[in-house]
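Listing of final07.cif, mmCIF, C-alpha atoms
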data_query
loop_
_atom_site.label_atom_id
_atom_site.label_comp_id
_atom_site.auth_asym_id
_atom_site.auth_seq_id
_atom_site.Cartn_x
_atom_site.Cartn_y
_atom_site.Cartn_z
CA MET A 274 121.99 103.34 116.41
CA LYS A 275 119.16 101.70 114.42
CA LYS A 276 118.65 98.03 115.34
CA VAL A 277 119.07 95.67 112.38
CA LYS A 278 115.97 93.49 111.92
CA GLU A 279 116.34 89.73 112.07
CA LEU A 280 116.24 88.14 108.60
CA ILE A 281 114.09 85.01 108.42
CA LEU A 282 114.11 82.67 105.43
CA LEU A 283 110.86 80.71 105.15
CA LYS A 284 110.18 77.78 102.82
CA LEU A 285 106.53 77.06 102.12
CA GLY A 286 106.84 73.45 100.98
CA GLY A 287 105.09 72.30 97.82
CA SER A 288 103.73 69.32 99.77
CA SER A 289 101.80 71.78 101.97
CA ILE A 290 100.67 74.66 99.77
CA THR A 291 99.79 72.57 96.68
CA LYS A 292 97.95 69.27 96.16
CA LYS A 293 101.33 67.60 95.51
CA ALA A 294 100.46 64.22 97.05
CA ASP A 295 97.49 63.91 94.63
CA ASN A 296 99.56 65.20 91.67
CA LYS A 297 96.82 67.77 91.06
CA PHE A 298 97.50 71.18 89.58
CA GLU A 299 95.75 72.83 92.50
CA MET A 300 96.74 75.02 95.42
CA ASN A 301 95.92 74.02 98.98
CA GLU A 302 94.07 77.28 99.58
CA GLU A 303 93.28 76.56 103.22
CA VAL A 304 96.91 76.00 104.20
CA LEU A 305 98.08 78.95 102.09
CA ASN A 306 95.55 81.41 103.57
CA ASN A 307 96.22 80.16 107.09
CA SER A 308 99.98 80.58 106.53
CA ALA A 309 99.46 84.17 105.37
CA LYS A 310 97.38 84.92 108.49
CA GLU A 311 100.04 83.46 110.77
CA ILE A 312 102.80 85.50 109.07
CA ALA A 313 100.68 88.64 109.61
CA LEU A 314 100.13 87.75 113.30
CA ALA A 315 103.86 87.16 113.84
CA LEU A 316 104.72 90.48 112.15
CA LYS A 317 102.32 92.26 114.51
CA GLU A 318 104.09 90.75 117.49
CA LYS A 319 107.68 91.25 116.31
CA GLU A 320 109.47 93.18 113.55
CA PHE A 321 111.57 91.06 111.22
CA ASN A 322 112.56 90.84 107.56
CA LEU A 323 111.18 87.87 105.67
CA ILE A 324 112.08 86.08 102.43
CA VAL A 325 109.64 83.40 101.24
CA ILE A 326 110.69 80.53 98.97
CA CYS A 327 107.80 78.42 97.67
CA GLY A 328 107.84 74.83 96.58
CA VAL A 329 105.67 74.33 93.51
CA GLY A 330 104.66 70.67 93.82
CA PRO A 331 103.10 69.31 90.59
CA PHE A 332 103.19 72.77 88.94
CA GLY A 333 106.91 72.11 88.50
CA HIS A 334 107.72 68.46 89.16
CA THR A 335 104.92 66.89 87.10
CA ASN A 336 105.60 69.17 84.11
CA VAL A 337 109.34 68.47 84.24
CA LYS A 338 108.68 64.74 84.21
CA GLU A 339 105.97 64.86 81.54
CA TYR A 340 107.98 67.00 79.10
CA ASP A 341 111.37 65.44 80.01
CA LEU A 342 112.94 68.79 80.90
CA ASN A 343 115.64 67.53 83.25
CA ASN A 344 118.43 66.87 80.74
CA GLY A 345 118.31 69.67 78.22
CA ILE A 346 115.82 71.35 75.89
CA LYS A 347 116.19 69.93 72.38
CA THR A 348 112.69 69.60 70.88
CA LYS A 349 109.73 71.86 70.18
CA LYS A 350 107.68 69.88 72.71
CA GLN A 351 110.32 70.51 75.38
CA GLU A 352 110.33 74.23 74.55
CA GLU A 353 106.55 74.29 74.97
CA GLY A 354 106.91 72.32 78.22
CA THR A 355 109.45 74.85 79.52
CA GLU A 356 107.07 77.71 78.73
CA LYS A 357 104.18 75.89 80.44
CA THR A 358 106.29 75.10 83.53
CA ILE A 359 107.38 78.73 83.90
CA LYS A 360 103.78 79.90 83.56
CA ASP A 361 102.55 77.33 86.10
CA CYS A 362 105.29 78.15 88.64
CA ASP A 363 104.54 81.88 88.25
CA PHE A 364 100.89 81.00 88.98
CA VAL A 365 101.99 79.53 92.35
CA ALA A 366 103.91 82.74 93.13
CA ASP A 367 100.82 84.82 92.22
CA LYS A 368 98.62 82.76 94.56
CA VAL A 369 101.09 83.15 97.45
CA ILE A 370 101.33 86.90 96.76
CA ASP A 371 97.50 87.21 96.70
CA ALA A 372 97.22 85.43 100.07
CA LEU A 373 99.85 87.70 101.67
CA GLU A 374 98.50 90.90 100.12
CA LYS A 375 95.04 90.05 101.56
CA GLN A 376 96.73 90.24 104.97
CA LYS A 377 98.14 93.69 104.07
CA ILE A 378 101.67 92.32 103.67
CA LYS A 379 103.59 94.04 100.87
CA THR A 380 105.35 91.61 98.55
CA ARG A 381 107.63 91.54 95.52
CA HIS A 382 107.85 88.62 93.09
CA VAL A 383 111.49 87.75 92.42
CA PRO A 384 111.32 85.01 89.74
CA GLY A 385 114.21 82.56 89.60
CA TYR A 386 114.73 83.28 85.89
CA TRP A 387 115.55 86.92 86.79
CA VAL A 388 118.21 86.08 89.34
CA CYS A 389 119.65 82.64 88.58
CA LYS A 390 121.78 81.31 85.71
CA GLN A 391 122.98 77.72 85.53
CA ASP A 392 125.37 75.63 83.51
CA ASN A 393 124.54 71.92 83.22
CA LYS A 394 122.14 72.28 86.20
CA LYS A 395 124.76 73.94 88.42
CA VAL A 396 124.33 77.55 89.59
CA ILE A 397 126.90 79.89 88.03
CA ALA A 398 125.26 83.17 89.09
CA TYR A 399 122.60 84.08 91.63
CA GLU A 400 121.91 87.79 92.04
CA ILE A 401 120.55 88.90 95.41
CA GLU A 402 120.06 92.61 94.64
CA GLU A 403 116.32 92.16 93.97
CA TYR A 404 115.88 90.62 97.42
CA GLU A 405 117.80 93.46 99.05
CA LYS A 406 115.73 96.07 97.19
CA ALA A 407 112.49 94.42 98.28
CA LEU A 408 113.55 94.17 101.94
CA HIS A 409 114.78 97.77 101.88
CA GLY A 410 111.31 98.82 100.63
CA GLY A 411 109.55 96.91 103.41
CA GLU A 412 108.42 94.14 101.05
CA VAL A 413 108.55 90.35 101.35
CA PRO A 414 110.35 88.84 98.31
CA ILE A 415 108.70 85.70 96.91
CA THR A 416 110.59 83.13 94.80
CA THR A 417 109.49 79.69 93.60
CA GLY A 418 111.27 76.73 92.13
CA ILE A 419 111.22 77.24 88.34
CA MET A 420 113.04 76.73 85.01
CA VAL A 421 116.02 79.07 84.49
CA LYS A 422 118.45 79.75 81.64
CA ASP A 423 121.20 77.16 81.34
CA ARG A 424 124.38 77.70 79.34
CA THR A 425 124.66 74.06 78.21
CA LEU A 426 121.08 72.79 78.36
CA LYS A 427 119.21 76.00 77.30
CA TRP A 428 116.96 75.73 80.38
CA SER A 429 117.19 73.67 83.58
CA VAL A 430 115.34 73.26 86.88
CA MET A 431 116.18 75.63 89.71
CA SER A 432 114.51 74.09 92.76
CA GLY A 433 113.27 76.12 95.71
CA ASP A 434 116.01 74.38 97.71
CA THR A 435 118.65 75.74 95.32
CA ALA A 436 117.31 79.26 95.95
CA ILE A 437 117.42 78.62 99.71
CA ALA A 438 121.04 77.44 99.49
CA GLN A 439 122.07 80.58 97.56
CA ILE A 440 120.24 82.96 99.92
CA ILE A 441 121.78 81.27 102.98
CA LYS A 442 125.23 81.57 101.40
CA GLN A 443 124.94 85.21 100.32
CA MET A 444 122.51 86.83 102.76
CA LYS A 445 123.17 84.81 105.93
CA PRO A 446 119.65 84.81 107.43
CA GLN A 447 119.49 84.51 111.22
CA LYS A 448 116.65 81.99 111.05
CA ILE A 449 115.83 79.30 108.46
CA ILE A 450 112.43 77.62 108.82
CA LEU A 451 111.09 74.99 106.44
CA GLY A 452 107.36 74.22 106.42
CA THR A 453 106.34 70.80 105.12
CA ASP A 454 103.48 68.31 105.55
CA VAL A 455 104.98 66.34 108.48
CA ASP A 456 106.44 67.38 111.87
CA GLY A 457 110.04 67.06 110.67
CA ILE A 458 112.48 64.28 109.78
CA TYR A 459 111.52 60.79 110.92
CA THR A 460 113.33 57.46 111.28
CA SER A 461 111.07 56.21 108.43
CA ASP A 462 108.10 57.53 106.45
CA PRO A 463 105.46 58.42 109.12
CA LYS A 464 102.69 58.22 106.52
CA ILE A 465 103.18 54.49 106.05
CA ASP A 466 105.02 53.40 109.21
CA SER A 467 103.20 53.91 112.52
CA ASN A 468 106.46 53.17 114.38
CA ALA A 469 108.30 56.08 112.71
CA LYS A 470 109.89 58.35 115.31
CA LEU A 471 110.49 62.07 114.98
CA ILE A 472 114.18 62.99 115.05
CA LYS A 473 114.18 66.11 117.23
CA GLU A 474 117.69 67.20 116.28
CA ILE A 475 120.07 66.50 113.42
CA ASN A 476 123.70 67.34 114.10
CA LYS A 477 127.15 66.40 112.81
CA GLU A 478 127.11 63.20 114.87
CA ASN A 479 123.91 61.72 113.40
CA LEU A 480 123.68 63.43 109.98
CA GLU A 481 125.01 60.54 107.88
CA SER A 482 122.79 57.92 109.48
CA VAL A 483 119.74 60.23 109.12
CA ILE A 484 120.44 60.80 105.40
CA LYS A 485 120.66 57.02 104.93
CA MET A 486 117.22 56.46 106.45
CA ALA A 487 115.47 59.54 104.99
CA SER A 488 112.80 58.11 102.73
CA GLU A 489 112.39 59.21 99.14
CA SER A 490 109.25 61.27 98.56
CA LYS A 491 106.29 59.21 97.29
CA ALA A 492 104.86 62.07 95.21
CA VAL A 493 106.54 63.03 91.93
CA ASP A 494 109.59 65.04 92.97
CA VAL A 495 112.40 65.65 90.47
CA THR A 496 114.67 67.24 93.10
CA GLY A 497 115.38 64.12 95.16
CA GLY A 498 112.68 64.04 97.82
CA MET A 499 113.53 64.56 101.49
CA LYS A 500 116.91 62.81 101.09
CA GLY A 501 117.94 65.28 98.35
CA LYS A 502 116.69 68.23 100.39
CA LEU A 503 118.65 67.11 103.47
CA GLU A 504 121.85 66.60 101.51
CA LYS A 505 121.55 70.01 99.86
CA LEU A 506 120.71 71.68 103.16
CA ALA A 507 123.61 69.97 104.92
CA GLU A 508 125.97 71.27 102.22
CA GLN A 509 124.79 74.86 102.46
CA LEU A 510 123.89 75.53 106.10
CA ASN A 511 127.48 76.36 107.01
CA GLY A 512 126.84 76.35 110.73
CA ASN A 513 123.42 78.04 110.45
CA GLU A 514 120.57 76.34 112.29
CA ALA A 515 117.40 75.33 110.47
CA GLN A 516 114.03 74.02 111.62
CA ILE A 517 111.68 71.69 109.73
CA PHE A 518 108.07 71.82 110.94
CA ASN A 519 104.51 70.92 109.94
CA LEU A 520 102.81 73.74 108.06
CA LEU A 521 99.50 71.87 108.14
CA THR A 522 99.26 72.26 111.94
CA SER A 523 97.55 75.51 112.80
CA GLY A 524 99.72 77.86 114.86
CA ASN A 525 103.04 76.20 113.95
CA LEU A 526 104.19 78.81 111.45
CA GLU A 527 103.55 81.69 113.86
CA LYS A 528 105.46 79.83 116.60
CA ALA A 529 108.38 79.07 114.26
CA LEU A 530 108.61 82.72 113.15
CA LEU A 531 108.60 83.92 116.77
CA GLY A 532 111.04 81.26 118.01
CA LYS A 533 108.49 79.52 120.25
CA GLU A 534 108.58 75.80 121.07
CA LEU A 535 106.84 73.39 118.68
CA ASN A 536 107.11 69.80 117.52
CA SER A 537 109.81 69.87 114.85
CA THR A 538 113.27 68.78 113.76
CA LYS A 539 116.09 71.24 114.44
CA ILE A 540 119.18 71.00 112.28
CA LYS A 541 122.40 72.16 113.93
CA LEU A 542 125.43 71.36 111.81
#
Have the structure of the file written as structure tokens, please.
Amino acid sequence: MKKVKELILLKLGGSSITKKADNKFEMNEEVLNNSAKEIALALKEKEFNLIVICGVGPFGHTNVKEYDLNNGIKTKKQEEGTEKTIKDCDFVADKVIDALEKQKIKTRHVPGYWVCKQDNKKVIAYEIEEYEKALHGGEVPITTGIMVKDRTLKWSVMSGDTAIAQIIKQMKPQKIILGTDVDGIYTSDPKIDSNAKLIKEINKENLESVIKMASESKAVDVTGGMKGKLEKLAEQLNGNEAQIFNLLTSGNLEKALLGKELNSTKIKL
């Protein structure tokens, strides 16, 4: 009987692969290329299926704020802003695809506006067939946060975290790993508090107190910063374990993909 490959869901956080902290419309090429190399190394060591969800940093968040796209599309300027945001988020996907293809990894772009429909910012349909087709063809599907059709608002934001929640729910990946720009979840913001301590594990016992202390992101983030991400993740994990780790630290992504020990926060709910 043919062994079913492990399905890994990987989030490449916008804070790591873009210049999100500086609010610049630029990719962090070094981190992106290094991530692609580490994925290739892990695939050489072990066979697994991979889905990659990419945060878009300022390519999404800054546009959404600037054009006021979060509560419905009513004006010509907002329509133009929607178009620009989609184009910019697709640019992020293209850059991620280029980095992976350079490492001889076959990919398939699965844009959110192909697979997701919302009503008043809530998902009403999320089709996973495109992901299944890609995986069946030996490809890595790539999706970013982006604007999608909305029944009430015309268009609304589908964050990368929304895509993650839907894929967890429908495809039940065996491993969920989330790369960001810090080692995991801390007792306070480690970038401004030298006494911040890494929380090695989040479980049902400490979840509420951790959500209370999770700091809001300092960069422009229209999806609720780390607090919003944690709440959404907690809702959708349904008993699945997840791991939050630092994508900026060389070697971490390869270790996370292969299940090796690294400094991180494990979420077991």
Find the residues around A:Thr380 up to 9 Å (all atoms listed in the file counted), leave out those fewer than 2 positions away in its own chain, and share them as a list in words. Ile370, Leu373, Glu374, Ile378, His382, Ala407, Gly411, Glu412, Val413, Pro414 and Ile415 of chain A
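Nearest residue to A:Leu471, choosing from A:Lys539, A:Arg424, A:Arg381, A:Lys317 and counting only C-alpha atoms: A:Lys539.
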Contacts of stretch 351-426 of chain A with stretch 293-311 of chain A up to 12 Å, shortest pair per row, only C-alpha atoms, as CSV:
residue,atom,partner,partner_atom,distance
A:Thr358,CA,A:Phe298,CA,11.4
A:Asp361,CA,A:Phe298,CA,8.7
A:Cys362,CA,A:Phe298,CA,10.5
A:Phe364,CA,A:Met300,CA,9.7
A:Val365,CA,A:Met300,CA,7.6
A:Ala366,CA,A:Met300,CA,10.8
A:Asp367,CA,A:Met300,CA,11.1
A:Lys368,CA,A:Met300,CA,8.0
A:Val369,CA,A:Leu305,CA,6.9
A:Ile370,CA,A:Ala309,CA,9.2
A:Asp371,CA,A:Asn306,CA,9.2
A:Ala372,CA,A:Asn306,CA,5.6
A:Leu373,CA,A:Ala309,CA,5.1
A:Glu374,CA,A:Ala309,CA,8.6
A:Lys375,CA,A:Ala309,CA,8.3
A:Gln376,CA,A:Lys310,CA,6.4
A:Lys377,CA,A:Ala309,CA,9.7
A:Ile378,CA,A:Ala309,CA,8.6
A:Lys379,CA,A:Ala309,CA,11.6
A:Thr380,CA,A:Ala309,CA,11.7
A:Val413,CA,A:Ala309,CA,11.7
Those residues you just picked out, can you put them in a file as a short mmCIF file (atom, residue, chain, number, x, y, z; two decimals), in the frame of the given file with C-alpha atoms?
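Once written, result_19.cif looks like this:
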data_model
loop_
_atom_site.label_atom_id
_atom_site.label_comp_id
_atom_site.auth_asym_id
_atom_site.auth_seq_id
_atom_site.Cartn_x
_atom_site.Cartn_y
_atom_site.Cartn_z
CA THR A 358 106.29 75.10 83.53
CA ASP A 361 102.55 77.33 86.10
CA CYS A 362 105.29 78.15 88.64
CA PHE A 364 100.89 81.00 88.98
CA VAL A 365 101.99 79.53 92.35
CA ALA A 366 103.91 82.74 93.13
CA ASP A 367 100.82 84.82 92.22
CA LYS A 368 98.62 82.76 94.56
CA VAL A 369 101.09 83.15 97.45
CA ILE A 370 101.33 86.90 96.76
CA ASP A 371 97.50 87.21 96.70
CA ALA A 372 97.22 85.43 100.07
CA LEU A 373 99.85 87.70 101.67
CA GLU A 374 98.50 90.90 100.12
CA LYS A 375 95.04 90.05 101.56
CA GLN A 376 96.73 90.24 104.97
CA LYS A 377 98.14 93.69 104.07
CA ILE A 378 101.67 92.32 103.67
CA LYS A 379 103.59 94.04 100.87
CA THR A 380 105.35 91.61 98.55
CA VAL A 413 108.55 90.35 101.35
#
Which distance in Å separates atom CA of A:Ile359 and atom CA of A:Lys406, to one decimal?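 These atoms are spaced 23.4 Å apart.
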Which is closer to A:Gly354 than all the others in A:Glu527, A:Lys448, A:Gln391, A:Ser429, using only C-alpha atoms?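 Selected residue with least distance to A:Gly354: A:Ser429.
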From A:Ala515, A:Leu526, A:Ile441, A:Ala436, residue lying nearest A:Ile540 [all atoms listed in the file]: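 Answer, going by the shortest atom-to-atom distance: A:Ala515.
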What is the atom CA of A:Asp466-atom CA of A:Lys485 distance in Å, reported with one decimal? 16.6 Å
Quick one: pull the distance between atom CA of A:Glu474 and atom CA of A:Ile437, Å, one decimal.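 Those two atoms sit 20.1 Å apart.
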A:Leu521, A:Ile397, A:Ile326, A:Ile346 ranked by distance to A:Pro384, top pick (using all atoms listed in the file): A:Ile326
Which is closest to A:Leu280 among A:Ile401, A:Leu323, A:Leu314, A:Met486, if we use all atoms listed in the file? A:Leu323
